[in-house]
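One structure below.
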Amino acid sequence: MRRSTHRASRDGYHPIRVSIEFFPPKTEEMERILWTSIERLAPLQPNFVSVTYGAGGSTRERTHNTVARMVRETSLKPAAHLTCVDASREEIDAVVQSYWDAGVRHIVALRGDPAEGVGHAYRPHPGGYATTAELVEGIKRIGDFKVSVSAYPEKHPEAASLEADIDALKAKVDAGADQAITQFFFENEIFLRYLEKVRAAGITIPIIPGILPVQNFKQAANFARRTGASVPYWLAARFEGLEDDVETRRLVAAAVAAEQVLDLVDEGVNDFHFYSMNRSDLVYAICHLLGLRAQAPKLAAAKAAA
């Protein structure tokens with residue numbers, strides 16, 4: 001990745017804001033890892049933290065429990081993911097109301113992947129929300145939530161074209177979406193070109209770039225293939241031969257992620273959304289490079305409960 005020769009204007013101060021994505025734990029060990037990561041990252045005072053969600057009652061319950069605990073025990077501002085998959089409007093509305101009752105005021109609204117998995121045709125629940133735009137409207141009817149939606153710099157895998165995908169984003173905005181978080185990408189030029197097209201389409205909401213720090217290259221490459229994100233040759237080359245060298249791999253991962261975010265800062269980007277994979281060290285290091293410093297933590301209750 002080349003460093004940009006363009007420098008953003010320094011007239012006035014534009015603070016860097018970060019948000020961090022976690023997924024709900026499935027085991028006691030994953031629970032411990034998650035809350036250790038939250039304890040590590042919370043003092044950086046992220047703009048918000050999001051917790052993922054999938055189809056199925058147990059996943060919904062874990063997401064709700066994790067978000068509710070964040071509200072009770074930390075000073076973080078959690079955003080709960082919510083999808084349309086395998087649920088009626090009444091079931092989804094009940095989940096939204098339960099978040100409001102728990103003190104959550106931010107939801108990440110997503111259509112969600114088919115219950116059978118990526119690659120299968122999406123079929124809306126007969127009595128459910130058929131699209132993300134419908135889901136956004138439903139959320140806004142229930143409460144004055146801030147609603148984030150997804151955006152795809154390389155288009156959604158099911159979209160006919162990038163232009164059609166931008167039309168879908170516009171429908172979400174027209175339904176009341178307040179901001180969009182992008183799928184991760186590794187070439188900044190992809191995001192910058194996408195942002196130009198989005199603005200040209202009349203979409204003015206904030207578009208926050210999603211950043212995936214590469215903890216494990218093979219895992220990240222497989223994830224990228226499923227989500228339609230491209231993996232450039234230079235990224236594969238940087239991790240070549242490091243399959244069994246964990247320490248060097250971590251150093252390379254930190255350098256790659258730092259180069260990407262600092263290049264975007266040079267381009268005037270001030271907001272970043274990190275897909276943490278429930279691991280804190282790499283995200284913490286990147287945030288430090290961005291100038292964020294730990295403030296007095298407010299996690300005494302979380303420590304006691306962990």
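Within each chain, counting starts at residue 1; across the structure tokens, chains are named A, B, ... in the order shown, with ligands numbered 1 upward in that order.
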
Worksheet item: segment 89-101 of chain A: which residues within 12 Å, counting only C-alpha atoms, same-chain residues fewer than 5 positions away excluded, as a VMD selection string?
Response: chain A and resid 53 55 to 57 60 to 61 63 to 69 71 78 to 84 106 to 109 111 124 to 131 134 to 147

Residue neighbourhood segment 231-237 of chain A, 12 Å, only C-alpha atoms, exclusion window fewer than 4 positions, as a JSON list (two decimals) with N, CA and C atoms, in the first residue's frame:
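Saved to result_25.json:
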[["chain", "number", "residue", "atom", "x", "y", "z"],
["A", 1, "MET", "N", 0.85, -1.20, 0.00],
["A", 1, "MET", "CA", 0.00, 0.00, 0.00],
["A", 1, "MET", "C", 0.88, 1.24, 0.00],
["A", 2, "ARG", "N", 0.63, 2.13, -0.91],
["A", 2, "ARG", "CA", 1.44, 3.35, -0.96],
["A", 2, "ARG", "C", 0.90, 4.39, 0.02],
["A", 154, "GLU", "N", -17.13, -2.63, -2.09],
["A", 154, "GLU", "CA", -16.96, -3.50, -3.26],
["A", 154, "GLU", "C", -18.27, -4.18, -3.62],
["A", 184, "PHE", "N", -15.26, -4.39, 5.66],
["A", 184, "PHE", "CA", -13.82, -4.11, 5.68],
["A", 184, "PHE", "C", -13.25, -4.17, 4.27],
["A", 185, "PHE", "N", -12.13, -3.52, 4.09],
["A", 185, "PHE", "CA", -11.42, -3.47, 2.82],
["A", 185, "PHE", "C", -9.95, -3.31, 3.15],
["A", 186, "PHE", "N", -9.08, -3.62, 2.19],
["A", 186, "PHE", "CA", -7.64, -3.52, 2.43],
["A", 186, "PHE", "C", -6.95, -2.47, 1.57],
["A", 187, "GLU", "N", -7.60, -2.06, 0.49],
["A", 187, "GLU", "CA", -7.06, -1.01, -0.38],
["A", 187, "GLU", "C", -7.85, 0.27, -0.12],
["A", 188, "ASN", "N", -7.20, 1.30, 0.40],
["A", 188, "ASN", "CA", -7.92, 2.52, 0.74],
["A", 188, "ASN", "C", -8.54, 3.20, -0.48],
["A", 190, "ILE", "N", -10.17, 1.89, -2.74],
["A", 190, "ILE", "CA", -11.51, 1.32, -2.92],
["A", 190, "ILE", "C", -12.52, 2.10, -2.11],
["A", 212, "LEU", "N", -10.46, -4.19, 9.44],
["A", 212, "LEU", "CA", -10.20, -5.50, 10.02],
["A", 212, "LEU", "C", -8.70, -5.68, 10.25],
["A", 213, "PRO", "N", -8.21, -5.49, 11.48],
["A", 213, "PRO", "CA", -6.81, -5.81, 11.76],
["A", 213, "PRO", "C", -6.61, -7.31, 11.59],
["A", 214, "VAL", "N", -5.63, -7.70, 10.79],
["A", 214, "VAL", "CA", -5.46, -9.11, 10.41],
["A", 214, "VAL", "C", -4.75, -9.86, 11.53],
["A", 216, "ASN", "N", -5.08, -13.21, 11.83],
["A", 216, "ASN", "CA", -4.70, -14.47, 11.21],
["A", 216, "ASN", "C", -5.01, -14.34, 9.72],
["A", 217, "PHE", "N", -3.98, -14.36, 8.87],
["A", 217, "PHE", "CA", -4.21, -14.06, 7.46],
["A", 217, "PHE", "C", -5.12, -15.07, 6.79],
["A", 218, "LYS", "N", -4.92, -16.34, 7.03],
["A", 218, "LYS", "CA", -5.75, -17.36, 6.38],
["A", 218, "LYS", "C", -7.21, -17.18, 6.75],
["A", 219, "GLN", "N", -7.46, -16.93, 8.02],
["A", 219, "GLN", "CA", -8.83, -16.71, 8.49],
["A", 219, "GLN", "C", -9.43, -15.46, 7.85],
["A", 220, "ALA", "N", -8.63, -14.38, 7.81],
["A", 220, "ALA", "CA", -9.12, -13.13, 7.21],
["A", 220, "ALA", "C", -9.40, -13.30, 5.72],
["A", 221, "ALA", "N", -8.56, -14.04, 5.01],
["A", 221, "ALA", "CA", -8.76, -14.26, 3.57],
["A", 221, "ALA", "C", -10.04, -15.06, 3.32],
["A", 222, "ASN", "N", -10.31, -16.06, 4.15],
["A", 222, "ASN", "CA", -11.54, -16.85, 4.01],
["A", 222, "ASN", "C", -12.76, -15.98, 4.29],
["A", 223, "PHE", "N", -12.66, -15.14, 5.30],
["A", 223, "PHE", "CA", -13.74, -14.23, 5.65],
["A", 223, "PHE", "C", -14.01, -13.27, 4.48],
["A", 224, "ALA", "N", -12.92, -12.78, 3.89],
["A", 224, "ALA", "CA", -13.05, -11.84, 2.76],
["A", 224, "ALA", "C", -13.75, -12.50, 1.58],
["A", 225, "ARG", "N", -13.41, -13.75, 1.29],
["A", 225, "ARG", "CA", -14.04, -14.45, 0.16],
["A", 225, "ARG", "C", -15.56, -14.57, 0.38],
["A", 226, "ARG", "N", -15.96, -14.82, 1.61],
["A", 226, "ARG", "CA", -17.39, -14.99, 1.90],
["A", 226, "ARG", "C", -18.15, -13.67, 1.81],
["A", 227, "THR", "N", -17.47, -12.57, 2.06],
["A", 227, "THR", "CA", -18.16, -11.28, 2.13],
["A", 227, "THR", "C", -17.95, -10.42, 0.89],
["A", 241, "GLY", "N", 4.87, -17.25, 4.57],
["A", 241, "GLY", "CA", 5.90, -17.92, 5.36],
["A", 241, "GLY", "C", 5.79, -17.72, 6.86],
["A", 242, "LEU", "N", 4.74, -17.04, 7.32],
["A", 242, "LEU", "CA", 4.62, -16.75, 8.76],
["A", 242, "LEU", "C", 3.54, -17.60, 9.45],
["A", 243, "GLU", "N", 3.11, -18.67, 8.79],
["A", 243, "GLU", "CA", 2.03, -19.48, 9.33],
["A", 243, "GLU", "C", 2.35, -19.99, 10.74],
["A", 249, "ARG", "N", 4.22, -12.56, 12.92],
["A", 249, "ARG", "CA", 2.93, -12.29, 12.29],
["A", 249, "ARG", "C", 2.21, -11.13, 12.99],
["A", 252, "VAL", "N", 3.85, -7.86, 11.89],
["A", 252, "VAL", "CA", 3.46, -7.50, 10.53],
["A", 252, "VAL", "C", 2.00, -7.01, 10.52],
["A", 253, "ALA", "N", 1.14, -7.69, 11.25],
["A", 253, "ALA", "CA", -0.26, -7.29, 11.32],
["A", 253, "ALA", "C", -0.41, -5.88, 11.84],
["A", 255, "ALA", "N", 1.84, -3.47, 11.69],
["A", 255, "ALA", "CA", 2.37, -2.53, 10.71],
["A", 255, "ALA", "C", 1.38, -2.32, 9.57],
["A", 256, "VAL", "N", 0.76, -3.39, 9.09],
["A", 256, "VAL", "CA", -0.20, -3.28, 7.97],
["A", 256, "VAL", "C", -1.40, -2.45, 8.38],
["A", 257, "ALA", "N", -1.97, -2.74, 9.56],
["A", 257, "ALA", "CA", -3.16, -2.02, 10.01],
["A", 257, "ALA", "C", -2.85, -0.55, 10.28],
["A", 259, "GLU", "N", -0.51, 1.27, 8.88],
["A", 259, "GLU", "CA", -0.32, 1.94, 7.60],
["A", 259, "GLU", "C", -1.66, 2.29, 6.96],
["A", 260, "GLN", "N", -2.61, 1.37, 7.04],
["A", 260, "GLN", "CA", -3.92, 1.62, 6.44],
["A", 260, "GLN", "C", -4.64, 2.78, 7.11]]

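Comparing the minimum interatomic distances between Leu262 of chain A and each of A:Ala200, A:Ile205, A:Val49, A:Cys287, counting only C-alpha atoms, we find that A:Cys287 sits nearest.
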
Worksheet entry | Those of segment 6-200 of chain A in DSSP strand (DSSP E), formatted as a VMD selection string | chain A and resid 17 to 22 48 to 51 78 to 83 106 to 110 146 to 151 179 to 184

Residues just named, written with N, CA, C and O atoms as a CSV table (one decimal), in the first residue's frame:
chain,number,residue,atom,x,y,z
A,17,ARG,N,-12.3,9.6,16.0
A,17,ARG,CA,-13.3,8.9,16.8
A,17,ARG,C,-13.2,7.4,16.3
A,17,ARG,O,-13.2,7.1,15.1
A,18,VAL,N,-13.3,6.5,17.3
A,18,VAL,CA,-13.3,5.1,16.9
A,18,VAL,C,-14.5,4.4,17.5
A,18,VAL,O,-15.0,4.8,18.6
A,19,SER,N,-14.9,3.3,16.8
A,19,SER,CA,-15.9,2.4,17.4
A,19,SER,C,-15.3,1.0,17.2
A,19,SER,O,-14.5,0.8,16.4
A,20,ILE,N,-15.8,0.1,18.0
A,20,ILE,CA,-15.2,-1.2,18.1
A,20,ILE,C,-16.3,-2.3,18.1
A,20,ILE,O,-17.3,-2.1,18.8
A,21,GLU,N,-16.2,-3.3,17.3
A,21,GLU,CA,-17.2,-4.4,17.2
A,21,GLU,C,-16.7,-5.6,17.9
A,21,GLU,O,-15.6,-6.1,17.8
A,22,PHE,N,-17.6,-6.2,18.7
A,22,PHE,CA,-17.4,-7.4,19.4
A,22,PHE,C,-18.5,-8.4,19.0
A,22,PHE,O,-19.5,-8.0,18.4
A,48,PHE,N,-18.6,4.4,20.2
A,48,PHE,CA,-19.6,3.4,20.6
A,48,PHE,C,-18.9,2.0,20.4
A,48,PHE,O,-17.9,1.9,19.8
A,49,VAL,N,-19.5,1.0,21.0
A,49,VAL,CA,-19.1,-0.4,20.7
A,49,VAL,C,-20.3,-1.2,20.2
A,49,VAL,O,-21.4,-0.9,20.7
A,50,SER,N,-20.1,-2.0,19.3
A,50,SER,CA,-21.3,-2.8,18.7
A,50,SER,C,-21.1,-4.3,19.1
A,50,SER,O,-20.0,-4.8,19.2
A,51,VAL,N,-22.2,-5.0,19.2
A,51,VAL,CA,-22.2,-6.4,19.5
A,51,VAL,C,-23.0,-7.1,18.4
A,51,VAL,O,-24.2,-6.8,18.2
A,78,PRO,N,-23.1,1.1,24.1
A,78,PRO,CA,-23.3,-0.1,23.2
A,78,PRO,C,-24.3,0.1,22.1
A,78,PRO,O,-25.3,0.8,22.3
A,79,ALA,N,-24.0,-0.5,20.9
A,79,ALA,CA,-24.9,-0.5,19.8
A,79,ALA,C,-25.2,-2.0,19.6
A,79,ALA,O,-24.3,-2.8,19.4
A,80,ALA,N,-26.5,-2.4,19.6
A,80,ALA,CA,-26.8,-3.8,19.4
A,80,ALA,C,-27.1,-4.1,17.9
A,80,ALA,O,-27.9,-3.3,17.3
A,81,HIS,N,-26.5,-5.1,17.3
A,81,HIS,CA,-26.9,-5.5,16.0
A,81,HIS,C,-28.2,-6.2,16.0
A,81,HIS,O,-28.6,-6.9,17.0
A,82,LEU,N,-29.0,-6.0,14.9
A,82,LEU,CA,-30.3,-6.6,14.8
A,82,LEU,C,-30.5,-7.0,13.3
A,82,LEU,O,-30.2,-6.2,12.4
A,83,THR,N,-31.0,-8.2,13.0
A,83,THR,CA,-31.2,-8.6,11.6
A,83,THR,C,-32.7,-9.0,11.4
A,83,THR,O,-33.4,-9.2,12.4
A,106,HIS,N,-28.9,2.8,20.5
A,106,HIS,CA,-28.2,2.7,19.2
A,106,HIS,C,-28.3,1.3,18.7
A,106,HIS,O,-28.0,0.3,19.4
A,107,ILE,N,-28.8,1.1,17.5
A,107,ILE,CA,-29.0,-0.2,16.9
A,107,ILE,C,-28.3,-0.2,15.5
A,107,ILE,O,-28.4,0.7,14.8
A,108,VAL,N,-27.6,-1.3,15.2
A,108,VAL,CA,-27.0,-1.5,13.9
A,108,VAL,C,-28.0,-2.5,13.2
A,108,VAL,O,-28.1,-3.6,13.5
A,109,ALA,N,-28.7,-1.9,12.2
A,109,ALA,CA,-29.8,-2.6,11.5
A,109,ALA,C,-29.2,-3.3,10.2
A,109,ALA,O,-28.6,-2.6,9.4
A,110,LEU,N,-29.4,-4.6,10.1
A,110,LEU,CA,-28.9,-5.4,9.0
A,110,LEU,C,-29.9,-6.4,8.5
A,110,LEU,O,-30.8,-6.8,9.3
A,146,LYS,N,-30.6,5.8,17.6
A,146,LYS,CA,-29.7,6.1,16.5
A,146,LYS,C,-29.5,4.8,15.7
A,146,LYS,O,-29.4,3.7,16.3
A,147,VAL,N,-29.6,4.8,14.4
A,147,VAL,CA,-29.6,3.6,13.6
A,147,VAL,C,-28.4,3.6,12.6
A,147,VAL,O,-28.3,4.5,11.8
A,148,SER,N,-27.5,2.7,12.8
A,148,SER,CA,-26.4,2.5,11.8
A,148,SER,C,-26.8,1.4,10.8
A,148,SER,O,-27.5,0.4,11.2
A,149,VAL,N,-26.3,1.4,9.6
A,149,VAL,CA,-26.6,0.4,8.6
A,149,VAL,C,-25.3,0.0,7.9
A,149,VAL,O,-24.2,0.7,8.2
A,150,SER,N,-25.3,-1.0,7.1
A,150,SER,CA,-24.1,-1.4,6.4
A,150,SER,C,-23.9,-0.8,5.1
A,150,SER,O,-24.9,-0.3,4.4
A,151,ALA,N,-22.6,-0.7,4.6
A,151,ALA,CA,-22.3,-0.2,3.3
A,151,ALA,C,-21.2,-1.1,2.8
A,151,ALA,O,-20.4,-1.6,3.5
A,179,GLN,N,-26.3,6.7,10.0
A,179,GLN,CA,-24.9,6.6,9.5
A,179,GLN,C,-24.7,5.2,9.0
A,179,GLN,O,-25.5,4.3,9.2
A,180,ALA,N,-23.6,5.0,8.2
A,180,ALA,CA,-23.3,3.6,7.7
A,180,ALA,C,-21.9,3.2,8.1
A,180,ALA,O,-21.0,4.1,8.2
A,181,ILE,N,-21.7,1.9,8.3
A,181,ILE,CA,-20.4,1.3,8.6
A,181,ILE,C,-20.1,0.4,7.4
A,181,ILE,O,-20.9,-0.4,7.1
A,182,THR,N,-18.9,0.5,6.9
A,182,THR,CA,-18.6,-0.3,5.7
A,182,THR,C,-18.1,-1.7,6.0
A,182,THR,O,-17.6,-1.9,7.1
A,183,GLN,N,-18.3,-2.6,5.1
A,183,GLN,CA,-17.6,-3.8,5.1
A,183,GLN,C,-16.1,-3.5,5.1
A,183,GLN,O,-15.7,-2.5,4.6
A,184,PHE,N,-15.3,-4.4,5.7
A,184,PHE,CA,-13.8,-4.1,5.7
A,184,PHE,C,-13.2,-4.2,4.3
A,184,PHE,O,-13.8,-4.8,3.4

Practice prompt. Check segment 44-113 of chain A with DSSP on the backbone and list each residue it calls alpha helix (DSSP H), as JSON, numbers by chain.
Written response: {"A": [57, 58, 59, 60, 61, 62, 63, 64, 65, 66, 67, 68, 69, 70, 71, 72, 73, 89, 90, 91, 92, 93, 94, 95, 96, 97, 98, 99, 100, 101, 102]}

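We find atom CA of His156 of chain A and atom CA of Gly228 of chain A to be spaced 6.8 Å apart.
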
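We find atom CA of Ile286 of chain A and atom CA of Pro157 of chain A to be spaced 29.0 Å apart.
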
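Minimum atom-to-atom distances from A:Pro153, A:Gln295, A:Val85, A:Leu34 to Glu189 of chain A were compared using only C-alpha atoms, and the lowest value belongs to A:Pro153.
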
Worksheet item: Given the choices A:Pro15, A:Val269, A:Lys26, A:Thr132, which gets closest to Lys172 of chain A if the distance is worked out from only C-alpha atoms?
Response: A:Thr132

Practice prompt. May I ask which of the residues A:Ala159, A:Asp245, A:Asp271, A:Glu29 is the closest one to Leu290 of chain A, counting only C-alpha atoms?
Written response: A:Asp271
